[in-house]
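Participant: One file: final_15.cif (mmCIF, C-alpha atoms).
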```
data_structure
loop_
_atom_site.group_PDB
_atom_site.id
_atom_site.type_symbol
_atom_site.label_atom_id
_atom_site.label_comp_id
_atom_site.auth_asym_id
_atom_site.auth_seq_id
_atom_site.Cartn_x
_atom_site.Cartn_y
_atom_site.Cartn_z
ATOM 1 C CA MET S 15 0.000 0.000 0.000
ATOM 2 C CA GLY S 16 2.979 2.306 0.616
ATOM 3 C CA PHE S 17 3.746 2.641 -3.087
ATOM 4 C CA LEU S 18 0.135 3.454 -4.025
ATOM 5 C CA THR S 19 -0.105 6.081 -1.291
ATOM 6 C CA TRP S 20 3.152 7.585 -2.535
ATOM 7 C CA LEU S 21 1.763 7.670 -6.110
ATOM 8 C CA GLU S 22 -1.365 9.358 -4.875
ATOM 9 C CA ALA S 23 0.698 12.058 -3.173
ATOM 10 C CA SER S 24 2.801 12.749 -6.296
ATOM 11 C CA GLY S 25 2.697 16.048 -8.164
ATOM 12 C CA LEU S 26 0.974 14.442 -11.156
ATOM 13 C CA ALA S 27 -1.721 12.928 -8.944
ATOM 14 C CA GLU S 28 -2.326 16.261 -7.206
ATOM 15 C CA TRP S 29 -2.537 18.073 -10.550
ATOM 16 C CA VAL S 30 -5.111 15.604 -11.890
ATOM 17 C CA ARG S 31 -7.114 15.596 -8.655
ATOM 18 C CA MET S 32 -6.945 19.207 -7.543
ATOM 19 C CA SER S 33 -6.377 21.576 -10.460
ATOM 20 C CA THR S 34 -9.197 22.986 -12.574
ATOM 21 C CA GLU S 35 -7.769 21.750 -15.871
ATOM 22 C CA GLY S 36 -6.023 18.510 -14.781
ATOM 23 C CA TYR S 37 -8.842 15.963 -14.735
ATOM 24 C CA PRO S 38 -10.779 17.346 -17.766
ATOM 25 C CA THR S 39 -7.540 17.384 -19.791
ATOM 26 C CA VAL S 40 -6.522 13.788 -19.081
ATOM 27 C CA ILE S 41 -10.063 12.394 -19.354
ATOM 28 C CA THR S 42 -10.487 14.072 -22.772
ATOM 29 C CA LEU S 43 -7.107 12.774 -23.985
ATOM 30 C CA HIS S 44 -8.214 9.340 -22.758
ATOM 31 C CA ALA S 45 -11.368 9.508 -24.921
ATOM 32 C CA ILE S 46 -9.342 10.644 -27.966
ATOM 33 C CA GLY S 47 -6.763 7.872 -27.505
ATOM 34 C CA MET S 48 -9.559 5.320 -27.086
ATOM 35 C CA ALA S 49 -11.245 6.428 -30.306
ATOM 36 C CA ILE S 50 -7.969 6.064 -32.237
ATOM 37 C CA MET S 51 -6.829 2.739 -30.721
ATOM 38 C CA VAL S 52 -10.167 0.930 -30.416
ATOM 39 C CA GLY S 53 -11.612 2.469 -33.582
ATOM 40 C CA LEU S 54 -8.726 1.418 -35.821
ATOM 41 C CA CYS S 55 -8.306 -2.003 -34.157
ATOM 42 C CA VAL S 56 -12.002 -2.767 -34.669
ATOM 43 C CA ILE S 57 -11.781 -1.740 -38.349
ATOM 44 C CA VAL S 58 -8.742 -4.030 -38.778
ATOM 45 C CA ASP S 59 -10.564 -6.873 -36.976
ATOM 46 C CA LEU S 60 -13.707 -6.416 -39.083
ATOM 47 C CA ARG S 61 -11.615 -6.462 -42.274
ATOM 48 C CA LEU S 62 -9.997 -9.747 -41.231
ATOM 49 C CA LEU S 63 -13.482 -11.145 -40.549
ATOM 50 C CA GLY S 64 -14.496 -10.371 -44.129
ATOM 51 C CA LYS S 65 -15.955 -6.834 -44.119
ATOM 52 C CA PHE S 66 -14.818 -4.080 -46.562
ATOM 53 C CA ASP S 67 -13.066 -6.673 -48.700
ATOM 54 C CA GLY S 68 -11.669 -4.068 -51.108
ATOM 55 C CA VAL S 69 -9.280 -2.804 -48.421
ATOM 56 C CA PRO S 70 -5.903 -4.531 -48.937
ATOM 57 C CA TYR S 71 -4.337 -6.286 -45.927
ATOM 58 C CA ALA S 72 -1.101 -4.336 -46.481
ATOM 59 C CA ALA S 73 -3.027 -1.114 -45.782
ATOM 60 C CA LEU S 74 -4.220 -2.525 -42.435
ATOM 61 C CA GLN S 75 -0.636 -3.059 -41.424
ATOM 62 C CA LYS S 76 -0.050 0.663 -41.891
ATOM 63 C CA LEU S 77 -3.123 1.552 -39.801
ATOM 64 C CA LEU S 78 -1.858 -0.283 -36.722
ATOM 65 C CA PRO S 79 1.075 2.115 -36.060
ATOM 66 C CA ILE S 80 -1.509 4.936 -35.908
ATOM 67 C CA ALA S 81 -3.553 2.805 -33.502
ATOM 68 C CA TRP S 82 -0.477 2.444 -31.260
ATOM 69 C CA ILE S 83 -0.252 6.251 -31.064
ATOM 70 C CA GLY S 84 -3.762 6.131 -29.568
ATOM 71 C CA PHE S 85 -2.577 3.420 -27.168
ATOM 72 C CA LEU S 86 0.383 5.575 -26.120
ATOM 73 C CA ILE S 87 -1.914 8.565 -25.483
ATOM 74 C CA ASN S 88 -4.049 6.319 -23.284
ATOM 75 C CA THR S 89 -1.158 4.753 -21.413
ATOM 76 C CA LEU S 90 0.007 8.253 -20.457
ATOM 77 C CA SER S 91 -3.429 9.758 -19.743
ATOM 78 C CA GLY S 92 -4.481 6.520 -18.024
ATOM 79 C CA THR S 93 -1.425 6.730 -15.758
ATOM 80 C CA GLY S 94 -2.531 10.228 -14.779
ATOM 81 C CA LEU S 95 -6.050 9.033 -14.033
ATOM 82 C CA PHE S 96 -4.741 6.027 -12.076
ATOM 83 C CA VAL S 97 -2.259 7.819 -9.831
ATOM 84 C CA ALA S 98 -4.882 10.427 -8.884
ATOM 85 C CA GLN S 99 -6.837 7.674 -7.083
ATOM 86 C CA ALA S 100 -4.282 4.861 -7.006
ATOM 87 C CA THR S 101 -5.343 3.218 -3.728
ATOM 88 C CA MET S 102 -8.977 3.097 -4.852
ATOM 89 C CA PHE S 103 -8.377 1.827 -8.402
ATOM 90 C CA ALA S 104 -5.824 -0.803 -7.342
ATOM 91 C CA THR S 105 -8.434 -2.545 -5.206
ATOM 92 C CA ASP S 106 -11.430 -2.129 -7.560
ATOM 93 C CA LEU S 107 -12.222 -5.343 -9.409
ATOM 94 C CA MET S 108 -14.171 -3.498 -12.119
ATOM 95 C CA PHE S 109 -11.143 -1.328 -12.897
ATOM 96 C CA LEU S 110 -8.740 -4.306 -12.792
ATOM 97 C CA ALA S 111 -11.014 -6.207 -15.195
ATOM 98 C CA LYS S 112 -11.032 -3.211 -17.542
ATOM 99 C CA ILE S 113 -7.220 -2.982 -17.492
ATOM 100 C CA ALA S 114 -6.901 -6.733 -18.149
ATOM 101 C CA LEU S 115 -9.317 -6.404 -21.096
ATOM 102 C CA VAL S 116 -7.440 -3.392 -22.522
ATOM 103 C CA PHE S 117 -4.152 -5.285 -22.437
ATOM 104 C CA ALA S 118 -5.857 -8.359 -23.919
ATOM 105 C CA GLY S 119 -7.209 -6.146 -26.722
ATOM 106 C CA ALA S 120 -3.792 -4.585 -27.296
ATOM 107 C CA ALA S 121 -2.281 -8.102 -27.331
ATOM 108 C CA THR S 122 -4.595 -9.101 -30.201
ATOM 109 C CA ALA S 123 -3.360 -6.065 -32.184
ATOM 110 C CA GLY S 124 0.225 -7.023 -31.336
ATOM 111 C CA ILE S 125 -0.377 -10.580 -32.559
ATOM 112 C CA LEU S 126 -2.144 -9.466 -35.770
ATOM 113 C CA GLN S 127 0.459 -6.885 -36.833
ATOM 114 C CA PRO S 128 3.251 -9.358 -37.783
ATOM 115 C CA GLN S 129 0.642 -11.724 -39.277
ATOM 116 C CA LEU S 130 -0.489 -8.969 -41.647
ATOM 117 C CA ALA S 131 3.099 -8.610 -42.877
ATOM 118 C CA HIS S 132 2.830 -11.931 -44.693
ATOM 119 C CA ALA S 133 -0.800 -11.631 -45.754
ATOM 120 C CA ASP S 134 0.339 -12.276 -49.346
ATOM 121 C CA THR S 135 1.228 -15.872 -48.373
ATOM 122 C CA TRP S 136 -2.238 -16.672 -46.973
ATOM 123 C CA PRO S 137 -3.776 -19.560 -48.901
ATOM 124 C CA GLY S 138 -6.591 -18.325 -51.137
ATOM 125 C CA GLY S 139 -5.793 -14.747 -50.121
ATOM 126 C CA LYS S 140 -7.971 -15.158 -47.010
ATOM 127 C CA PRO S 141 -6.744 -14.952 -43.409
ATOM 128 C CA PRO S 142 -6.322 -18.400 -41.818
ATOM 129 C CA ALA S 143 -8.765 -19.451 -39.086
ATOM 130 C CA SER S 144 -6.170 -18.740 -36.380
ATOM 131 C CA VAL S 145 -5.915 -15.102 -37.518
ATOM 132 C CA ARG S 146 -9.686 -14.744 -37.763
ATOM 133 C CA ARG S 147 -10.044 -16.079 -34.214
ATOM 134 C CA VAL S 148 -7.644 -13.417 -32.906
ATOM 135 C CA ALA S 149 -9.573 -10.715 -34.815
ATOM 136 C CA PHE S 150 -12.853 -11.945 -33.319
ATOM 137 C CA LEU S 151 -11.330 -11.984 -29.822
ATOM 138 C CA GLY S 152 -10.044 -8.466 -30.445
ATOM 139 C CA ILE S 153 -13.577 -7.160 -31.018
ATOM 140 C CA VAL S 154 -14.861 -8.998 -27.921
ATOM 141 C CA PHE S 155 -12.037 -7.662 -25.705
ATOM 142 C CA TRP S 156 -12.467 -4.049 -26.864
ATOM 143 C CA LEU S 157 -16.224 -4.216 -26.441
ATOM 144 C CA CYS S 158 -15.884 -5.559 -22.893
ATOM 145 C CA ALA S 159 -13.078 -3.074 -22.118
ATOM 146 C CA ILE S 160 -15.328 -0.148 -23.040
ATOM 147 C CA VAL S 161 -18.293 -1.445 -21.043
ATOM 148 C CA THR S 162 -16.235 -2.229 -17.913
ATOM 149 C CA GLY S 163 -14.317 1.046 -18.347
ATOM 150 C CA ARG S 164 -17.573 2.986 -18.374
ATOM 151 C CA LEU S 165 -18.893 0.984 -15.414
ATOM 152 C CA THR S 166 -15.876 1.917 -13.241
ATOM 153 C CA ALA S 167 -17.624 5.282 -12.896
ATOM 154 C CA TYR S 168 -20.736 3.572 -11.477
ATOM 155 C CA ILE S 169 -19.906 0.301 -9.759
ATOM 156 C CA MET S 170 -16.908 -0.371 -7.566
ATOM 157 C CA ILE S 171 -16.163 -3.929 -6.456
ATOM 158 C CA PHE S 172 -13.489 -3.729 -3.784
ATOM 159 C CA ILE S 173 -11.302 -6.765 -3.219
ATOM 160 C CA MET W 16 -37.678 26.284 -25.889
ATOM 161 C CA ASN W 17 -38.752 25.564 -22.315
ATOM 162 C CA HIS W 18 -42.049 23.987 -23.369
ATOM 163 C CA VAL W 19 -40.077 21.501 -25.513
ATOM 164 C CA TYR W 20 -37.820 20.619 -22.571
ATOM 165 C CA ASP W 21 -40.837 20.296 -20.279
ATOM 166 C CA TRP W 22 -42.496 18.006 -22.816
ATOM 167 C CA MET W 23 -39.324 15.861 -22.937
ATOM 168 C CA LEU W 24 -39.401 15.497 -19.152
ATOM 169 C CA GLY W 25 -42.896 13.993 -19.402
ATOM 170 C CA THR W 26 -42.134 11.420 -22.120
ATOM 171 C CA TRP W 27 -41.640 7.676 -21.664
ATOM 172 C CA VAL W 28 -38.059 8.129 -22.938
ATOM 173 C CA ASN W 29 -37.300 10.261 -19.889
ATOM 174 C CA LYS W 30 -38.884 7.624 -17.627
ATOM 175 C CA VAL W 31 -36.772 4.836 -19.130
ATOM 176 C CA VAL W 32 -33.519 6.844 -19.084
ATOM 177 C CA LEU W 33 -33.923 7.943 -15.457
ATOM 178 C CA GLY W 34 -36.049 5.087 -14.127
ATOM 179 C CA TYR W 35 -33.454 2.315 -13.996
ATOM 180 C CA PRO W 36 -29.922 2.403 -12.562
ATOM 181 C CA TRP W 37 -28.659 0.573 -15.678
ATOM 182 C CA SER W 38 -30.127 2.925 -18.291
ATOM 183 C CA TRP W 39 -27.585 5.738 -18.200
ATOM 184 C CA PRO W 40 -24.420 3.546 -18.087
ATOM 185 C CA THR W 41 -25.866 1.383 -20.896
ATOM 186 C CA LEU W 42 -26.503 4.453 -23.066
ATOM 187 C CA GLU W 43 -22.982 5.704 -22.279
ATOM 188 C CA SER W 44 -21.379 2.365 -23.171
ATOM 189 C CA LEU W 45 -23.250 2.334 -26.493
ATOM 190 C CA HIS W 46 -22.291 5.981 -27.102
ATOM 191 C CA PHE W 47 -18.607 5.104 -26.538
ATOM 192 C CA LEU W 48 -18.774 2.018 -28.760
ATOM 193 C CA GLY W 49 -20.451 4.103 -31.444
ATOM 194 C CA LEU W 50 -17.823 6.825 -31.245
ATOM 195 C CA CYS W 51 -14.990 4.297 -31.555
ATOM 196 C CA VAL W 52 -16.436 2.733 -34.711
ATOM 197 C CA LEU W 53 -17.281 6.172 -36.138
ATOM 198 C CA MET W 54 -13.807 7.596 -35.495
ATOM 199 C CA GLY W 55 -12.061 4.422 -36.692
ATOM 200 C CA ALA W 56 -13.980 4.447 -39.983
ATOM 201 C CA LEU W 57 -13.456 8.214 -40.369
ATOM 202 C CA LEU W 58 -9.719 7.919 -39.766
ATOM 203 C CA VAL W 59 -9.401 5.348 -42.560
ATOM 204 C CA MET W 60 -11.642 7.296 -44.982
ATOM 205 C CA ASP W 61 -10.293 10.772 -44.248
ATOM 206 C CA LEU W 62 -6.621 9.777 -44.217
ATOM 207 C CA ARG W 63 -7.172 8.262 -47.675
ATOM 208 C CA LEU W 64 -8.848 11.499 -48.812
ATOM 209 C CA ILE W 65 -5.934 13.502 -47.456
ATOM 210 C CA GLY W 66 -3.531 11.309 -49.415
ATOM 211 C CA PHE W 67 -2.153 8.705 -47.017
ATOM 212 C CA GLN W 68 -2.802 4.999 -47.570
ATOM 213 C CA ARG W 69 -3.018 5.270 -51.351
ATOM 214 C CA THR W 70 -2.876 1.472 -51.602
ATOM 215 C CA ILE W 71 -6.518 1.487 -50.458
ATOM 216 C CA PRO W 72 -8.717 1.775 -53.567
ATOM 217 C CA LEU W 73 -11.131 4.724 -53.328
ATOM 218 C CA LYS W 74 -14.081 2.382 -53.814
ATOM 219 C CA ALA W 75 -12.977 0.245 -50.856
ATOM 220 C CA VAL W 76 -12.778 3.357 -48.696
ATOM 221 C CA HIS W 77 -16.385 3.970 -49.604
ATOM 222 C CA SER W 78 -17.399 0.558 -48.197
ATOM 223 C CA LEU W 79 -16.637 1.920 -44.692
ATOM 224 C CA MET W 80 -19.319 4.585 -45.062
ATOM 225 C CA PRO W 81 -22.304 2.411 -43.950
ATOM 226 C CA TRP W 82 -20.412 1.568 -40.738
ATOM 227 C CA ALA W 83 -19.720 5.243 -40.060
ATOM 228 C CA ILE W 84 -23.379 6.122 -40.698
ATOM 229 C CA ALA W 85 -24.632 3.252 -38.497
ATOM 230 C CA ALA W 86 -22.243 4.295 -35.709
ATOM 231 C CA PHE W 87 -23.418 7.909 -35.997
ATOM 232 C CA ALA W 88 -27.047 6.709 -35.848
ATOM 233 C CA ILE W 89 -26.316 4.806 -32.601
ATOM 234 C CA ASN W 90 -24.771 7.938 -31.130
ATOM 235 C CA LEU W 91 -27.607 10.172 -32.313
ATOM 236 C CA LEU W 92 -30.155 7.867 -30.640
ATOM 237 C CA THR W 93 -28.198 7.389 -27.399
ATOM 238 C CA GLY W 94 -27.432 11.129 -27.404
ATOM 239 C CA LEU W 95 -31.143 11.906 -27.699
ATOM 240 C CA GLY W 96 -31.636 9.554 -24.740
ATOM 241 C CA PHE W 97 -29.264 11.673 -22.613
ATOM 242 C CA PHE W 98 -30.985 14.873 -23.720
ATOM 243 C CA PHE W 99 -34.477 13.570 -22.949
ATOM 244 C CA GLY W 100 -33.171 12.434 -19.564
ATOM 245 C CA ASP W 101 -31.782 15.825 -18.538
ATOM 246 C CA PRO W 102 -32.806 18.487 -21.101
ATOM 247 C CA TYR W 103 -32.263 21.617 -18.987
ATOM 248 C CA ASN W 104 -28.751 20.574 -18.000
ATOM 249 C CA TYR W 105 -27.651 20.087 -21.629
ATOM 250 C CA ALA W 106 -29.532 23.114 -22.951
ATOM 251 C CA GLY W 107 -27.716 25.340 -20.449
ATOM 252 C CA ASN W 108 -24.274 23.979 -21.272
ATOM 253 C CA TRP W 109 -22.207 25.877 -23.857
ATOM 254 C CA SER W 110 -19.862 22.915 -24.350
ATOM 255 C CA PHE W 111 -22.892 20.894 -25.486
ATOM 256 C CA TRP W 112 -23.886 23.575 -28.038
ATOM 257 C CA THR W 113 -20.277 23.839 -29.220
ATOM 258 C CA LYS W 114 -20.300 20.074 -29.753
ATOM 259 C CA MET W 115 -23.601 20.317 -31.687
ATOM 260 C CA SER W 116 -22.178 23.152 -33.809
ATOM 261 C CA PHE W 117 -19.204 21.015 -34.798
ATOM 262 C CA ILE W 118 -21.576 18.147 -35.692
ATOM 263 C CA VAL W 119 -23.444 20.573 -37.990
ATOM 264 C CA LEU W 120 -20.135 21.728 -39.520
ATOM 265 C CA ALA W 121 -19.105 18.081 -39.999
ATOM 266 C CA GLY W 122 -22.484 17.492 -41.662
ATOM 267 C CA VAL W 123 -22.020 20.424 -44.066
ATOM 268 C CA ASN W 124 -18.511 19.148 -44.784
ATOM 269 C CA PHE W 125 -19.991 15.716 -45.551
ATOM 270 C CA LEU W 126 -22.466 17.305 -48.012
ATOM 271 C CA ILE W 127 -19.544 19.021 -49.753
ATOM 272 C CA TYR W 128 -17.833 15.625 -49.934
ATOM 273 C CA PHE W 129 -20.978 13.956 -51.257
ATOM 274 C CA PHE W 130 -21.827 16.512 -53.946
ATOM 275 C CA ALA W 131 -18.463 18.048 -54.890
ATOM 276 C CA VAL W 132 -15.723 15.543 -54.001
ATOM 277 C CA GLU W 133 -17.105 12.059 -54.550
ATOM 278 C CA PRO W 134 -18.085 12.645 -58.201
ATOM 279 C CA LYS W 135 -14.461 13.720 -58.819
ATOM 280 C CA LEU W 136 -13.095 10.648 -57.024
ATOM 281 C CA LEU W 137 -15.269 8.288 -59.054
ATOM 282 C CA ARG W 138 -13.529 9.491 -62.220
ATOM 283 C CA LEU W 139 -10.096 8.687 -60.752
ATOM 284 C CA GLY W 140 -8.214 5.406 -60.897
ATOM 285 C CA PRO W 141 -8.499 3.284 -57.710
ATOM 286 C CA THR W 142 -5.142 4.277 -56.238
ATOM 287 C CA ASP W 143 -4.702 7.737 -57.789
ATOM 288 C CA PRO W 144 -3.674 10.737 -55.690
ATOM 289 C CA THR W 145 -6.661 12.783 -54.515
ATOM 290 C CA PRO W 146 -7.372 16.379 -55.630
ATOM 291 C CA GLY W 147 -6.792 19.358 -53.323
ATOM 292 C CA ILE W 148 -10.458 19.737 -52.388
ATOM 293 C CA ALA W 149 -10.513 16.092 -51.184
ATOM 294 C CA LYS W 150 -7.513 16.751 -48.947
ATOM 295 C CA VAL W 151 -9.178 19.841 -47.440
ATOM 296 C CA VAL W 152 -12.498 18.044 -46.873
ATOM 297 C CA GLY W 153 -10.720 15.045 -45.295
ATOM 298 C CA ALA W 154 -8.646 17.236 -42.961
ATOM 299 C CA LEU W 155 -11.714 19.304 -41.950
ATOM 300 C CA SER W 156 -13.701 16.134 -41.281
ATOM 301 C CA LEU W 157 -11.091 14.764 -38.852
ATOM 302 C CA THR W 158 -10.721 18.178 -37.193
ATOM 303 C CA PHE W 159 -14.470 18.639 -36.704
ATOM 304 C CA TRP W 160 -15.104 15.103 -35.434
ATOM 305 C CA PHE W 161 -12.214 15.141 -32.947
ATOM 306 C CA LEU W 162 -13.556 18.485 -31.658
ATOM 307 C CA VAL W 163 -17.011 16.869 -31.347
ATOM 308 C CA LEU W 164 -15.392 14.134 -29.259
ATOM 309 C CA ALA W 165 -13.397 16.599 -27.130
ATOM 310 C CA PHE W 166 -16.307 18.952 -26.379
ATOM 311 C CA GLY W 167 -18.527 15.956 -25.687
ATOM 312 C CA ARG W 168 -16.091 14.609 -23.119
ATOM 313 C CA LEU W 169 -15.519 18.064 -21.615
ATOM 314 C CA LEU W 170 -19.247 18.679 -21.335
ATOM 315 C CA PRO W 171 -19.530 17.894 -17.597
ATOM 316 C CA TYR W 172 -16.604 20.204 -16.753
ATOM 317 C CA LEU W 173 -17.126 23.164 -19.068
ATOM 318 C CA GLY W 174 -19.924 25.699 -19.326
ATOM 319 C CA THR W 175 -22.553 24.217 -17.053
ATOM 320 C CA GLY W 176 -24.858 27.225 -17.438
ATOM 321 C CA GLY W 177 -26.200 28.162 -14.022
ATOM 322 C CA GLY W 178 -23.035 26.948 -12.355
#
```
Take the structure from the file and write it as structure tokens.
Facilitator:
Amino acid sequence: MGFLTWLEASGLAEWVRMSTEGYPTVITLHAIGMAIMVGLCVIVDLRLLGKFDGVPYAALQKLLPIAWIGFLINTLSGTGLFVAQATMFATDLMFLAKIALVFAGAATAGILQPQLAHADTWPGGKPPASVRRVAFLGIVFWLCAIVTGRLTAYIMIFI
Amino acid sequence: MNHVYDWMLGTWVNKVVLGYPWSWPTLESLHFLGLCVLMGALLVMDLRLIGFQRTIPLKAVHSLMPWAIAAFAINLLTGLGFFFGDPYNYAGNWSFWTKMSFIVLAGVNFLIYFFAVEPKLLRLGPTDPTPGIAKVVGALSLTFWFLVLAFGRLLPYLGTGGG
């Protein structure tokens, strides 16, 4: 608990918690980063599941670096949001579930990115079942991450 | 406008939105999902208009449009749910009206795309560079929609009318 209390007393935490502009700034950046990361990942996942079939797989590979910019924005803004109430978040099961789902979603993007690099070797030009499964899981993880993320504002389950 | 807001407060929509503890978070979750799909589709379409991602054929870019429209429809409906739930709060909030103004600007920009840009694009080869007007419309679209997102998220903190 010592570390979390120390985080909560840090300058960043105080700025987010106390200042007029701190919390609105980081929460807005968090929404922007989410739109970029989740939005692009879901488009990539949907493409691999057979939607918008005119979009070449090579183009998807170039979208993912933009998605990672969104992820970076959210890692930074999310750190700000976390440290502001570190002791509360660290013991809230709803928040921990959300974080697990976000990293699971990011992991699907991380797995798909190198796969897309050799899309031209896919038999029949279609993604193999293993790739489609990861894309499907990606959509499920992001969907659940958004719902649990939103619910952290309403329901706390302390462990 | 007060009689409109008063009427909203008496509708069944208001009862549903405020009557159950799950209503508001459910609407919010749907609003967030909608915005992610909308912004994801817009990023792909507008970046192609601006000139990035030229390996994506213009026609394929167009196939994202129904998803963007469906996502916007979800957010329009869930957004109306919020407004019916708490009309006076939103009506007195300048951040809300700023957000609505940027949606209108994005809508006008879309009409310019639809009537002035798309006919030009249809005459181009699938991976041709886009004309200047397409780049401007694409850049304005991303600018307007990210401002819609920002003012929407800032809504509870900015300009809450009576204080």
Participant: Using the chain letters and numbers from the file, which residues does the PyMOL selection byres ((chain W) within 7 of (chain S)) grab, as a PDB file with C-alpha atoms, keeping the file's coordinate frame?
Facilitator:
```
ATOM      1  CA  PRO W  40     -24.420   3.546 -18.087  1.00  0.00           C
ATOM      2  CA  SER W  44     -21.379   2.365 -23.171  1.00  0.00           C
ATOM      3  CA  LEU W  50     -17.823   6.825 -31.245  1.00  0.00           C
ATOM      4  CA  CYS W  51     -14.990   4.297 -31.555  1.00  0.00           C
ATOM      5  CA  VAL W  52     -16.436   2.733 -34.711  1.00  0.00           C
ATOM      6  CA  MET W  54     -13.807   7.596 -35.495  1.00  0.00           C
ATOM      7  CA  GLY W  55     -12.061   4.422 -36.692  1.00  0.00           C
ATOM      8  CA  ALA W  56     -13.980   4.447 -39.983  1.00  0.00           C
ATOM      9  CA  GLN W  68      -2.802   4.999 -47.570  1.00  0.00           C
ATOM     10  CA  THR W  70      -2.876   1.472 -51.602  1.00  0.00           C
ATOM     11  CA  ILE W  71      -6.518   1.487 -50.458  1.00  0.00           C
ATOM     12  CA  PRO W  72      -8.717   1.775 -53.567  1.00  0.00           C
ATOM     13  CA  ALA W  75     -12.977   0.245 -50.856  1.00  0.00           C
ATOM     14  CA  SER W  78     -17.399   0.558 -48.197  1.00  0.00           C
ATOM     15  CA  LEU W  79     -16.637   1.920 -44.692  1.00  0.00           C
ATOM     16  CA  ALA W 165     -13.397  16.599 -27.130  1.00  0.00           C
ATOM     17  CA  ARG W 168     -16.091  14.609 -23.119  1.00  0.00           C
ATOM     18  CA  LEU W 169     -15.519  18.064 -21.615  1.00  0.00           C
ATOM     19  CA  TYR W 172     -16.604  20.204 -16.753  1.00  0.00           C
TER      20      TYR W 172
END
```
Participant: Assuming 5 Å of padding per side, give the centre and edge lengths of the axis-aligned box around every listed atom of range 150-163 of chain W, in Å to one decimal and as JSON.
Facilitator:
```
{"center_x": -12.3, "center_y": 17.3, "center_z": -40.1, "size_x": 19.5, "size_y": 15.1, "size_z": 27.6}
```
Participant: Can you tell me how far CA of Tyr35 in chain W sits from CA of Phe87 in chain W, in Å to one decimal?
Facilitator: 24.8 Å
Participant: Written as an NGL selection string, which residues does the PyMOL selection byres ((chain W and resi 62) around 10) give for the file shown?
Facilitator: (:S and (77)) or (:W and (57-61 or 63-69 or 76 or 150 or 153-154 or 156-157))
Participant: Find the residue from S:Ile169, S:Val154, S:Met102, S:Leu107 that sits nearest to Thr122 in chain S; use all atoms listed in the file when measuring.
Facilitator: S:Val154
Participant: Calculated over only C-alpha atoms, which of the candidates S:Leu130, S:Met108, S:Leu21, S:Val30 has the smallest distance to Gly94 in chain S?
Facilitator: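 Of S:Leu130, S:Met108, S:Leu21, S:Val30, the one nearest Gly94 in chain S is S:Val30, counting only C-alpha atoms.
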Participant: Please indicate the distance in Å from CA of Thr19 in chain S to CA of Asp106 in chain S, rounded to one decimal place.
Facilitator: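 That distance, rounded to one decimal, is 15.3 Å.
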Participant: Hey, which of W:Phe111, W:Leu24, W:Phe97, W:Gly49 ends up closest to Trp82 in chain W? Count only C-alpha atoms.
Facilitator: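 Between W:Phe111, W:Leu24, W:Phe97, W:Gly49, the residue approaching Trp82 in chain W most closely is W:Gly49.
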Participant: Hey, what comes out of the PyMOL selection byres ((chain W and resi 159) around 12) on this file? Could you write it as a ChimeraX atom specification?
Facilitator: /W:54,57,61,113-125,152-158,160-166
Participant: Could you check the closest approach to Ala85 in chain W for each of W:Leu42, W:Ala149, W:Leu53, W:Leu126 and tell me which residue wins, using all atoms listed in the file?
Facilitator: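 Comparing W:Leu42, W:Ala149, W:Leu53, W:Leu126 against Ala85 in chain W, the winner is W:Leu53.
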Participant: Report, in Å with one decimal, the straight-line distance from CA of Leu62 in chain S to CA of Leu126 in chain S.
Facilitator: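 So the answer is 9.6 Å.
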Participant: Between S:Leu78, S:Val40, S:Leu63, S:Ile83, which is the closest to Ala143 in chain S once you count all atoms listed in the file?
Facilitator: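 That would be S:Leu63, the residue with the smallest distance to Ala143 in chain S.
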